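Colleague: The following block contains the structure, expressed as structure tokens.
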Amino acid sequence: MSGRMKIFLQMFIMGILVFSQNNYARAGLLEDVIEGKASVIDLTYPLNEKNAHWPMSNYTPFQYEVIATIKKDKVFSGKYSTPEHLGTHIDAPNHFEQNQQSVDQIPLEQLIGPAIVMNITQKVEQNADYTLSLSDILSWEKTYGRIPEGSIVLLNTGWSRRWNNFEDYKNNDACGRMHFPGYSGEAARFLVKKRQIKGIGIDTLSGDCGLCSDFAVHHIINSAGKFILENVANLDKLSPKGATLIIAPIKIEGGSGGQCRIWAILPK
């Protein structure tokens with residue numbers, strides 16, 4: 001690592017320190033990343049034309065086109081187009097609620113926090129429409145302790161096994177209704193009101209289950225000024241607690257969300 005890059009990263013770390021006392025520990029963890037003393041897991045799928053997106057007529061697939069090559073133009077460059085809600089992305093608070101923050105307005109301190117991972121893969125294997133319940137959360141807390149305030153809760157449903165097949169990922173029935181798991185409204189309300197989380201995430205197309213046409217979870221989370229991460233990768237590689245999440249969304253002025261890079265940092 002160059003001296004200039006190291007200085008930049010150290011300055012970035014010092015900037016994080018102003019947020020809260022709890023972030024002193026996370027800043028130290030970033031120093032460990034610089035020194036190779038921490039593990040980093042990328043929770044982001046690469047963008048390409050096969051990425052899952054919300055199946056509505058105006059939601060087109062990701063498109064990438066080469067517009068310059070080194071051989072011809074002495075530089076390699078491309079252009080791309082994509083819906084905001086495609087691939088690994090964030091739903092900003094204004095996605096389902098008026099007078100809430102757009103994606104470019106979410107402050108850095110809201111995009112960094114301890115990752116809480118709940119695993120419902122066995123229940124989803126029995127019921128593709130399963131939603132995380134309040135009893136699931138309380139059972140998790142009985143084993144691992146109370147969810148800390150300011151956490152980002154991630155739901156591992158096992159649905160990522162279907163990622164490379166869009167039809168399996170949507171899991172439409174004969175009537176065109178999608179079937180995949182999500183959060184329940186009760187669980188979302190509890191996490192927001194009783195545990196003061198920063199946001200939630202999931203390894204499916206939506207925080208709401210496929211059959212949930214009222215989008216109650218989106219309304220609960222967004223109306224509280226919180227975000228939802230969707231199509232999150234590699235949740236099976238995380239422990240129930242102990243990781244720190246860093247989310248870096250694309251900064252679209254006034255946008256309702258957008259693609260984001262998500263890293264989980266774990267002390268070695």
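Residues are named by chain letter and number: chains run A, B, ... in the order of the structure tokens, numbers start at 1 in each chain, and ligands are numbered from 1 in the order shown.
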Need the shell around region 60-66 of chain A: protein/DNA/RNA residues with any atom at most 6 Å away, counting only C-alpha atoms. Skip same-chain ones fewer than 6 positions apart. Format as a PyMOL selection string?

Modeller: chain A and resi 48-49+78-82

Colleague: Give me the residues within 12 Å of Gly145 (chain A) as a ChimeraX atom specification, counting only C-alpha atoms and dropping any in the same chain fewer than 3 places off.

Modeller: /A:116,137-142,148,240-242

Colleague: Do a neighbour search on region 118-129 of chain A at 8 Å with only C-alpha atoms, toss out local chain neighbours closer than 3 positions, and write the hits as a ChimeraX atom specification.

Modeller: /A:132,137,140,153-159,179-182,209-211,240

Colleague: Apply DSSP to the backbone of this structure and, from region 39-248 of chain A, keep only the residues in strand (DSSP E or B); write these as a VMD selection string.

Modeller: chain A and resid 39 to 42 53 63 to 68 77 to 81 86 89 to 91 112 to 119 131 to 132 152 to 156 172 178 182 to 183 199 to 202 227 to 230 243 to 248

Colleague: Keeping only C-alpha atoms, write those residues as a compact mmCIF listing (two decimals), in the first residue's frame.

Modeller:
```txt
# COMPACT_ATOMS: atom_id res chain seq x y z
CA SER A 39 -11.17 -10.44 7.51
CA VAL A 40 -13.39 -8.75 4.91
CA ILE A 41 -16.38 -10.47 3.29
CA ASP A 42 -17.98 -8.83 0.26
CA HIS A 53 -34.57 -7.06 -10.70
CA GLN A 63 -27.10 -3.15 -19.61
CA TYR A 64 -23.41 -2.50 -20.24
CA GLU A 65 -21.86 -1.34 -23.50
CA VAL A 66 -18.19 -0.82 -24.35
CA ILE A 67 -17.74 2.64 -25.86
CA ALA A 68 -13.95 2.74 -26.14
CA SER A 77 -14.44 2.70 -21.15
CA GLY A 78 -18.09 1.72 -21.08
CA LYS A 79 -21.55 2.98 -20.25
CA TYR A 80 -24.35 1.29 -18.36
CA SER A 81 -28.02 1.64 -17.53
CA LEU A 86 -31.55 -4.19 -9.25
CA HIS A 89 -29.00 -2.49 -3.64
CA ILE A 90 -30.41 -0.24 -0.95
CA ASP A 91 -33.98 1.00 -0.58
CA ILE A 112 -21.98 1.66 9.40
CA GLY A 113 -23.02 -0.64 12.24
CA PRO A 114 -22.84 -4.05 13.87
CA ALA A 115 -24.31 -6.83 11.74
CA ILE A 116 -26.88 -9.12 13.31
CA VAL A 117 -27.53 -12.23 11.20
CA MET A 118 -30.61 -14.38 11.64
CA ASN A 119 -30.82 -17.73 9.88
CA THR A 131 -41.62 -14.60 7.15
CA LEU A 132 -39.38 -13.82 10.10
CA ILE A 152 -28.19 -3.65 10.94
CA VAL A 153 -30.22 -6.87 10.93
CA LEU A 154 -29.59 -9.30 8.07
CA LEU A 155 -31.84 -12.24 7.26
CA ASN A 156 -30.23 -15.36 5.80
CA ASN A 172 -43.58 -17.65 -9.79
CA MET A 178 -43.92 -14.76 -6.64
CA GLY A 182 -39.18 -12.08 3.94
CA TYR A 183 -39.74 -10.21 7.20
CA GLY A 199 -31.83 -0.89 8.79
CA ILE A 200 -32.50 -4.44 7.64
CA GLY A 201 -31.22 -6.64 4.84
CA ILE A 202 -32.13 -9.89 3.11
CA PHE A 227 -33.27 1.51 4.87
CA ILE A 228 -33.62 -1.98 3.41
CA LEU A 229 -30.79 -3.91 1.72
CA GLU A 230 -31.95 -6.45 -0.88
CA ALA A 243 -19.18 -8.42 12.14
CA THR A 244 -19.24 -4.71 11.37
CA LEU A 245 -21.08 -3.66 8.22
CA ILE A 246 -20.00 -0.86 5.87
CA ILE A 247 -22.50 0.12 3.14
CA ALA A 248 -21.48 2.34 0.22
```

Colleague: Which neighbours of Ala224 (chain A) fall inside 10 Å, counting only C-alpha atoms, when residues of the same chain fewer than 6 positions from it are skipped, and could you give them as an mmCIF file with C-alpha atoms, in the first residue's frame?

Modeller:
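Dumped to around.cif:
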```
data_model
loop_
_atom_site.group_PDB
_atom_site.id
_atom_site.type_symbol
_atom_site.label_atom_id
_atom_site.label_comp_id
_atom_site.auth_asym_id
_atom_site.auth_seq_id
_atom_site.Cartn_x
_atom_site.Cartn_y
_atom_site.Cartn_z
ATOM 1 C CA PRO A 93 -36.400 5.806 3.202
ATOM 2 C CA GLU A 97 -42.709 7.121 2.057
ATOM 3 C CA GLN A 100 -38.060 10.912 3.880
ATOM 4 C CA ARG A 189 -42.078 -3.047 13.830
ATOM 5 C CA VAL A 192 -37.599 -0.416 14.650
ATOM 6 C CA LYS A 193 -39.456 0.501 17.844
ATOM 7 C CA GLN A 196 -33.751 1.011 17.342
ATOM 8 C CA LYS A 198 -30.469 1.351 11.528
ATOM 9 C CA GLY A 199 -31.830 -0.893 8.793
ATOM 10 C CA HIS A 218 -41.271 -1.388 3.430
#
```

Colleague: Could you tell me how far CA of Lys268 (chain A) sits from CA of Gly36 (chain A), in Å to one decimal place?

Modeller: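 Separation of CA of Gly36 (chain A) and CA of Lys268 (chain A): 9.2 Å.
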
Colleague: Nearest to Gln110 (chain A) among A:Gly225, A:Ser135, A:Ser57, A:Trp163, with distances taken over only C-alpha atoms: which residue is it?

Modeller: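 Answer, going by the shortest atom-to-atom distance: A:Gly225.
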
Colleague: So, counting only C-alpha atoms, which residue among A:Gly28, A:Pro46, A:Pro83, A:Pro55 is closest to Ile252 (chain A)?

Modeller: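 Among the listed residues, the smallest separation from Ile252 (chain A) belongs to A:Pro83.
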
Colleague: What is the distance between CA of Glu186 (chain A) and CA of Ser133 (chain A), in Å to one decimal?

Modeller: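 Between CA of Glu186 (chain A) and CA of Ser133 (chain A) the gap is 6.8 Å.
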
Colleague: Could you pull out the residues in region 5-210 of chain A that DSSP calls alpha helix (DSSP H) from the backbone, as a ChimeraX atom specification?

Modeller: /A:5-16,22-34,70-73,121-126,134-144,166-170,185-193

Colleague: For the residues in that selection, give me C-alpha atoms as a PDB file, in the first residue's frame.

Modeller:
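File result-v9.pdb, as written:
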```
ATOM      1  CA  MET A   5      -3.188   5.753   0.249  1.00  0.00           C
ATOM      2  CA  LYS A   6      -2.352   4.843   3.835  1.00  0.00           C
ATOM      3  CA  ILE A   7      -2.592   8.502   4.880  1.00  0.00           C
ATOM      4  CA  PHE A   8      -5.968   8.796   3.115  1.00  0.00           C
ATOM      5  CA  LEU A   9      -7.358   5.729   4.889  1.00  0.00           C
ATOM      6  CA  GLN A  10      -6.091   6.963   8.240  1.00  0.00           C
ATOM      7  CA  MET A  11      -7.816  10.316   7.652  1.00  0.00           C
ATOM      8  CA  PHE A  12     -11.028   8.457   6.748  1.00  0.00           C
ATOM      9  CA  ILE A  13     -10.790   6.485   9.974  1.00  0.00           C
ATOM     10  CA  MET A  14     -10.278   9.639  12.021  1.00  0.00           C
ATOM     11  CA  GLY A  15     -13.400  11.094  10.418  1.00  0.00           C
ATOM     12  CA  ILE A  16     -15.441   8.134  11.613  1.00  0.00           C
ATOM     13  CA  ASN A  22     -18.973   2.930  19.929  1.00  0.00           C
ATOM     14  CA  ASN A  23     -17.407   3.833  16.615  1.00  0.00           C
ATOM     15  CA  TYR A  24     -13.968   4.080  18.205  1.00  0.00           C
ATOM     16  CA  ALA A  25     -13.908   0.296  18.227  1.00  0.00           C
ATOM     17  CA  ARG A  26     -15.066   0.156  14.604  1.00  0.00           C
ATOM     18  CA  ALA A  27     -12.408   2.671  13.600  1.00  0.00           C
ATOM     19  CA  GLY A  28      -9.845   0.405  15.234  1.00  0.00           C
ATOM     20  CA  LEU A  29     -11.264  -2.447  13.188  1.00  0.00           C
ATOM     21  CA  LEU A  30     -10.682  -0.445  10.003  1.00  0.00           C
ATOM     22  CA  GLU A  31      -7.099   0.064  11.077  1.00  0.00           C
ATOM     23  CA  ASP A  32      -6.901  -3.725  11.353  1.00  0.00           C
ATOM     24  CA  VAL A  33      -8.154  -3.965   7.748  1.00  0.00           C
ATOM     25  CA  ILE A  34      -5.329  -1.653   6.619  1.00  0.00           C
ATOM     26  CA  ILE A  70      -7.466   0.333 -25.697  1.00  0.00           C
ATOM     27  CA  LYS A  71      -6.739  -1.147 -29.114  1.00  0.00           C
ATOM     28  CA  LYS A  72      -8.841   1.412 -30.983  1.00  0.00           C
ATOM     29  CA  ASP A  73      -9.008   4.425 -28.646  1.00  0.00           C
ATOM     30  CA  THR A 121     -33.040 -21.399   6.049  1.00  0.00           C
ATOM     31  CA  GLN A 122     -34.553 -24.543   7.548  1.00  0.00           C
ATOM     32  CA  LYS A 123     -37.976 -22.937   7.905  1.00  0.00           C
ATOM     33  CA  VAL A 124     -37.807 -21.595   4.351  1.00  0.00           C
ATOM     34  CA  GLU A 125     -37.018 -25.078   3.056  1.00  0.00           C
ATOM     35  CA  GLN A 126     -40.383 -26.131   4.469  1.00  0.00           C
ATOM     36  CA  LEU A 134     -41.211 -11.947  16.532  1.00  0.00           C
ATOM     37  CA  SER A 135     -40.677 -15.331  18.185  1.00  0.00           C
ATOM     38  CA  ASP A 136     -37.734 -15.951  15.826  1.00  0.00           C
ATOM     39  CA  ILE A 137     -36.138 -12.695  17.002  1.00  0.00           C
ATOM     40  CA  LEU A 138     -36.722 -13.445  20.679  1.00  0.00           C
ATOM     41  CA  SER A 139     -35.320 -16.935  20.208  1.00  0.00           C
ATOM     42  CA  TRP A 140     -32.201 -15.443  18.595  1.00  0.00           C
ATOM     43  CA  GLU A 141     -31.809 -13.033  21.528  1.00  0.00           C
ATOM     44  CA  LYS A 142     -32.195 -15.852  24.022  1.00  0.00           C
ATOM     45  CA  THR A 143     -29.160 -17.515  22.462  1.00  0.00           C
ATOM     46  CA  TYR A 144     -26.981 -14.542  21.463  1.00  0.00           C
ATOM     47  CA  PHE A 166     -33.820 -15.577 -12.268  1.00  0.00           C
ATOM     48  CA  GLU A 167     -36.884 -17.773 -12.765  1.00  0.00           C
ATOM     49  CA  ASP A 168     -36.075 -19.826  -9.669  1.00  0.00           C
ATOM     50  CA  TYR A 169     -35.271 -16.642  -7.773  1.00  0.00           C
ATOM     51  CA  LYS A 170     -38.692 -15.115  -8.557  1.00  0.00           C
ATOM     52  CA  GLY A 185     -44.643  -6.674   9.708  1.00  0.00           C
ATOM     53  CA  GLU A 186     -44.577  -7.608  13.391  1.00  0.00           C
ATOM     54  CA  ALA A 187     -40.848  -8.356  13.246  1.00  0.00           C
ATOM     55  CA  ALA A 188     -40.066  -5.146  11.368  1.00  0.00           C
ATOM     56  CA  ARG A 189     -42.078  -3.047  13.830  1.00  0.00           C
ATOM     57  CA  PHE A 190     -40.326  -4.644  16.809  1.00  0.00           C
ATOM     58  CA  LEU A 191     -36.851  -4.072  15.342  1.00  0.00           C
ATOM     59  CA  VAL A 192     -37.599  -0.416  14.650  1.00  0.00           C
ATOM     60  CA  LYS A 193     -39.456   0.501  17.844  1.00  0.00           C
TER      61      LYS A 193
END
```
